[in-house]
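Let me begin by presenting the structure, written as structure tokens, before commenting on it.
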Amino acid sequence: MGYVHSPSETATNYVRWATDIKETPGVVFEGMLADKLIPLRPGRVFGMLARPGHLKTTLGAYYIRREAQRLAQAGVSDRFYTAHICWEQPVEELEALYQMPNNYGVSDVAWGHVPIERVIQDSLDRPSLPVWLFGDSIYETGFDSQPMTVDVVLDGIHGIHKERGMLPSLLFFDYIQDIPVPDERDRVAQVTSAMRKVKRLAIQAKCPVIVGIQANQKVDDYAIPIPTMRDSEWSSVIGQKVDALVSMWKPRRTHQPGEFPEIEVDGQYYTNEDNLMVMRLLKQRFFKGWGTYALDFDPNMMTMKDAVPRQVVDLTKY
């Protein structure tokens with residue numbers, strides 16, 4: 001039946017699960033997060049909770065892109081791929097996040113500052129990066145196109161496997177509250193159902209899933225506007241279903257540098273600059289689920305590292 005498992009079956013599969021963990025790296029995190037967040041592996045769902053404009057889409061794309069680069073470098077991009085699944089932007093805009101340009105970034109293309117001949121030349125290497133995009137297209141989606149539900153996404157994954165023999169290594173759902181659920185009329189029920197479907201898909205597709213989660217408006221009134229576990233828009237089931245959950249805050253969007261030149265994070269002070277991002281761990285299965293961290297994330301060049309705290313001079317030494 002697939003749902004009833006004897007003690008001997010679960011014991012055998014437990015050993016298999018532990019062996020897979022030992023033999024495969026999973027989707028690992030960088031810098032200080034490497035020791036705080038368990039690598040993402042099949043069946044696990046990692047949630048990123050934030051207000052609009054606080055880098056959910058870009059950070060999710062960063063992890064998708066980095067995992068795709070790992071697949072390409074390992075020489076397995078003919079068997080595995082990553083996918084960015086989006087309901088908010090057309091795939092042509094998302095593609096800007098996965099191009100591999102030289103000496104310019106996403107913002108430069110968005111402003112139209114890059115000569116089209118250069119865009120064409122740099123796009124020639126894009127097919128070598130195994131990132132698939134699921135979503136509406138400015139040029140291909142029409143009035144008769146059906147809504148992209150979670151079931152439609154699963155059908156797409158099945159189609160890729162049937163036609164090309166490829167399996168997903170990492171999926172990013174951007175974002176959970178925007179997923180259509182035609183069978184549910186109430187908005188809370190729609191979001192709840194979507195989250196449950198995504199969690200099950202992570203198990204069915206046998207790959208980890210990253211989910212972008214919109215935080216509600218009351219977060220804007222917090223003195224430090226970092227969302228909490230209770231701040232997921234529309235449904236508390238989101239926090240229950242994810243295996244790990246972080247909230248994100250980009251200080252420059254809410255705290256002007258002239259008034260707040262420095263931001264305190266876990267007792268240390270960081271310059272309030274464009275690339276500063278604060279991440280708070282709210283939940284994690286199998287390991288501690290708390291902690292607040294400062295990251296240096298460049299959304300234009302798609303790079304991330306630990307933020308460097310301001311050096312405090314101890315005047316008592318002089």
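Identifiers in this document derive from the order of the structure tokens: chains are assigned A, B, ..., residues are numbered from 1 separately in each chain, and ligands are numbered from 1 in order of occurrence.
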
Residue neighbourhood region 294-304 of chain A, 12 Å, only C-alpha atoms, exclusion window fewer than 5 positions, as number ranges by chain: A: 29-33, 53-66, 96-110, 248-251, 263-281, 309-310

For the interface of region 144-218 of chain A with region 49-52 of chain A (cut-off 6 Å, counting only C-alpha atoms), please tabulate each contacting residue of region 144-218 of chain A alongside its nearest pair of atoms and their separation in Å to one decimal, rows sorted by chain and increasing number, as a Markdown table.
```
| residue | atom | partner | partner_atom | distance |
| --- | --- | --- | --- | --- |
| A:Ile213 | CA | A:Leu49 | CA | 4.6 |
| A:Gln214 | CA | A:Ala50 | CA | 5.6 |
| A:Ala215 | CA | A:Arg51 | CA | 4.9 |
```

Residues near Phe286 (chain A), cut-off 12 Å, only C-alpha atoms, skip fewer than 3 positions along chain, as a ChimeraX atom specification: /A:36-39,44,243-244,283,289

Strand (DSSP E or B) residues, from DSSP on the backbone, in region 41-139 of chain A, as an MDAnalysis selection string: chainID A and resid 45:50 80:86 131:134

Saved selection, atoms kept: N, CA, C and O atoms, as an mmCIF file, in the first residue's frame:
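Written output follows (selection24.cif):
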```cif
data_model
loop_
_atom_site.group_PDB
_atom_site.id
_atom_site.type_symbol
_atom_site.label_atom_id
_atom_site.label_comp_id
_atom_site.auth_asym_id
_atom_site.auth_seq_id
_atom_site.Cartn_x
_atom_site.Cartn_y
_atom_site.Cartn_z
ATOM 1 N N VAL A 45 11.829 20.113 4.023
ATOM 2 C CA VAL A 45 11.345 21.395 3.521
ATOM 3 C C VAL A 45 11.941 22.512 4.375
ATOM 4 O O VAL A 45 11.810 22.506 5.602
ATOM 5 N N PHE A 46 12.596 23.456 3.710
ATOM 6 C CA PHE A 46 13.258 24.588 4.360
ATOM 7 C C PHE A 46 12.483 25.855 4.019
ATOM 8 O O PHE A 46 12.321 26.198 2.844
ATOM 9 N N GLY A 47 11.935 26.532 5.040
ATOM 10 C CA GLY A 47 11.132 27.720 4.813
ATOM 11 C C GLY A 47 11.908 28.996 5.062
ATOM 12 O O GLY A 47 12.677 29.092 6.023
ATOM 13 N N MET A 48 11.700 29.995 4.193
ATOM 14 C CA MET A 48 12.311 31.316 4.339
ATOM 15 C C MET A 48 11.177 32.326 4.472
ATOM 16 O O MET A 48 10.423 32.566 3.522
ATOM 17 N N LEU A 49 11.038 32.929 5.648
ATOM 18 C CA LEU A 49 9.932 33.816 5.987
ATOM 19 C C LEU A 49 10.406 35.265 5.995
ATOM 20 O O LEU A 49 11.379 35.601 6.673
ATOM 21 N N ALA A 50 9.709 36.131 5.246
ATOM 22 C CA ALA A 50 10.122 37.533 5.190
ATOM 23 C C ALA A 50 9.004 38.394 4.614
ATOM 24 O O ALA A 50 8.089 37.904 3.951
ATOM 25 N N PHE A 80 20.535 15.006 -13.066
ATOM 26 C CA PHE A 80 19.880 15.764 -12.004
ATOM 27 C C PHE A 80 19.775 17.238 -12.382
ATOM 28 O O PHE A 80 20.576 17.747 -13.160
ATOM 29 N N TYR A 81 18.795 17.913 -11.804
ATOM 30 C CA TYR A 81 18.590 19.325 -12.078
ATOM 31 C C TYR A 81 17.980 19.999 -10.848
ATOM 32 O O TYR A 81 17.527 19.338 -9.903
ATOM 33 N N THR A 82 17.968 21.308 -10.849
ATOM 34 C CA THR A 82 17.251 22.084 -9.851
ATOM 35 C C THR A 82 16.124 22.829 -10.557
ATOM 36 O O THR A 82 16.154 22.997 -11.774
ATOM 37 N N ALA A 83 15.126 23.292 -9.788
ATOM 38 C CA ALA A 83 14.014 24.003 -10.406
ATOM 39 C C ALA A 83 13.540 25.143 -9.521
ATOM 40 O O ALA A 83 13.398 24.990 -8.303
ATOM 41 N N HIS A 84 13.319 26.289 -10.151
ATOM 42 C CA HIS A 84 12.725 27.453 -9.503
ATOM 43 C C HIS A 84 11.278 27.517 -9.978
ATOM 44 O O HIS A 84 11.009 27.695 -11.170
ATOM 45 N N ILE A 85 10.336 27.373 -9.051
ATOM 46 C CA ILE A 85 8.911 27.290 -9.373
ATOM 47 C C ILE A 85 8.243 28.541 -8.825
ATOM 48 O O ILE A 85 8.193 28.746 -7.607
ATOM 49 N N CYS A 86 7.740 29.395 -9.724
ATOM 50 C CA CYS A 86 7.326 30.732 -9.305
ATOM 51 C C CYS A 86 5.938 31.096 -9.811
ATOM 52 O O CYS A 86 5.578 30.784 -10.952
ATOM 53 N N VAL A 131 19.267 24.403 -14.394
ATOM 54 C CA VAL A 131 18.176 25.038 -13.663
ATOM 55 C C VAL A 131 16.969 25.108 -14.592
ATOM 56 O O VAL A 131 17.020 25.724 -15.655
ATOM 57 N N TRP A 132 15.869 24.470 -14.183
ATOM 58 C CA TRP A 132 14.616 24.526 -14.925
ATOM 59 C C TRP A 132 13.699 25.539 -14.248
ATOM 60 O O TRP A 132 13.696 25.662 -13.015
ATOM 61 N N LEU A 133 12.937 26.267 -15.043
ATOM 62 C CA LEU A 133 12.005 27.262 -14.519
ATOM 63 C C LEU A 133 10.572 26.826 -14.785
ATOM 64 O O LEU A 133 10.216 26.480 -15.915
ATOM 65 N N PHE A 134 9.762 26.838 -13.739
ATOM 66 C CA PHE A 134 8.332 26.522 -13.837
ATOM 67 C C PHE A 134 7.559 27.812 -13.569
ATOM 68 O O PHE A 134 7.744 28.441 -12.532
#
```

Alpha helix (DSSP H) call set, DSSP backbone run, region 39-273 of chain A, as JSON, numbers by chain: {"A": [56, 57, 58, 59, 60, 61, 62, 63, 64, 65, 66, 67, 68, 69, 70, 71, 72, 73, 91, 92, 93, 94, 106, 107, 108, 109, 110, 116, 117, 118, 119, 120, 121, 122, 123, 150, 151, 152, 153, 154, 155, 156, 157, 158, 159, 160, 161, 162, 163, 164, 187, 188, 189, 190, 191, 192, 193, 194, 195, 196, 197, 198, 199, 200, 201, 202, 203, 204, 237, 238, 239, 240, 241]}

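Among A:Leu167, A:Thr19, A:Lys288, A:Lys241, the residue with the shortest atom-to-atom distance to Leu71 (chain A), counting only C-alpha atoms, is A:Leu167.
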
Two-atom distance - CA of Arg185 (chain A), CA of Gln217 (chain A) (Å): 22.6 Å

Residue among A:Met166, A:His113, A:Pro42, A:Val91 lying closest to Val76 (chain A), counting only C-alpha atoms: A:Met166
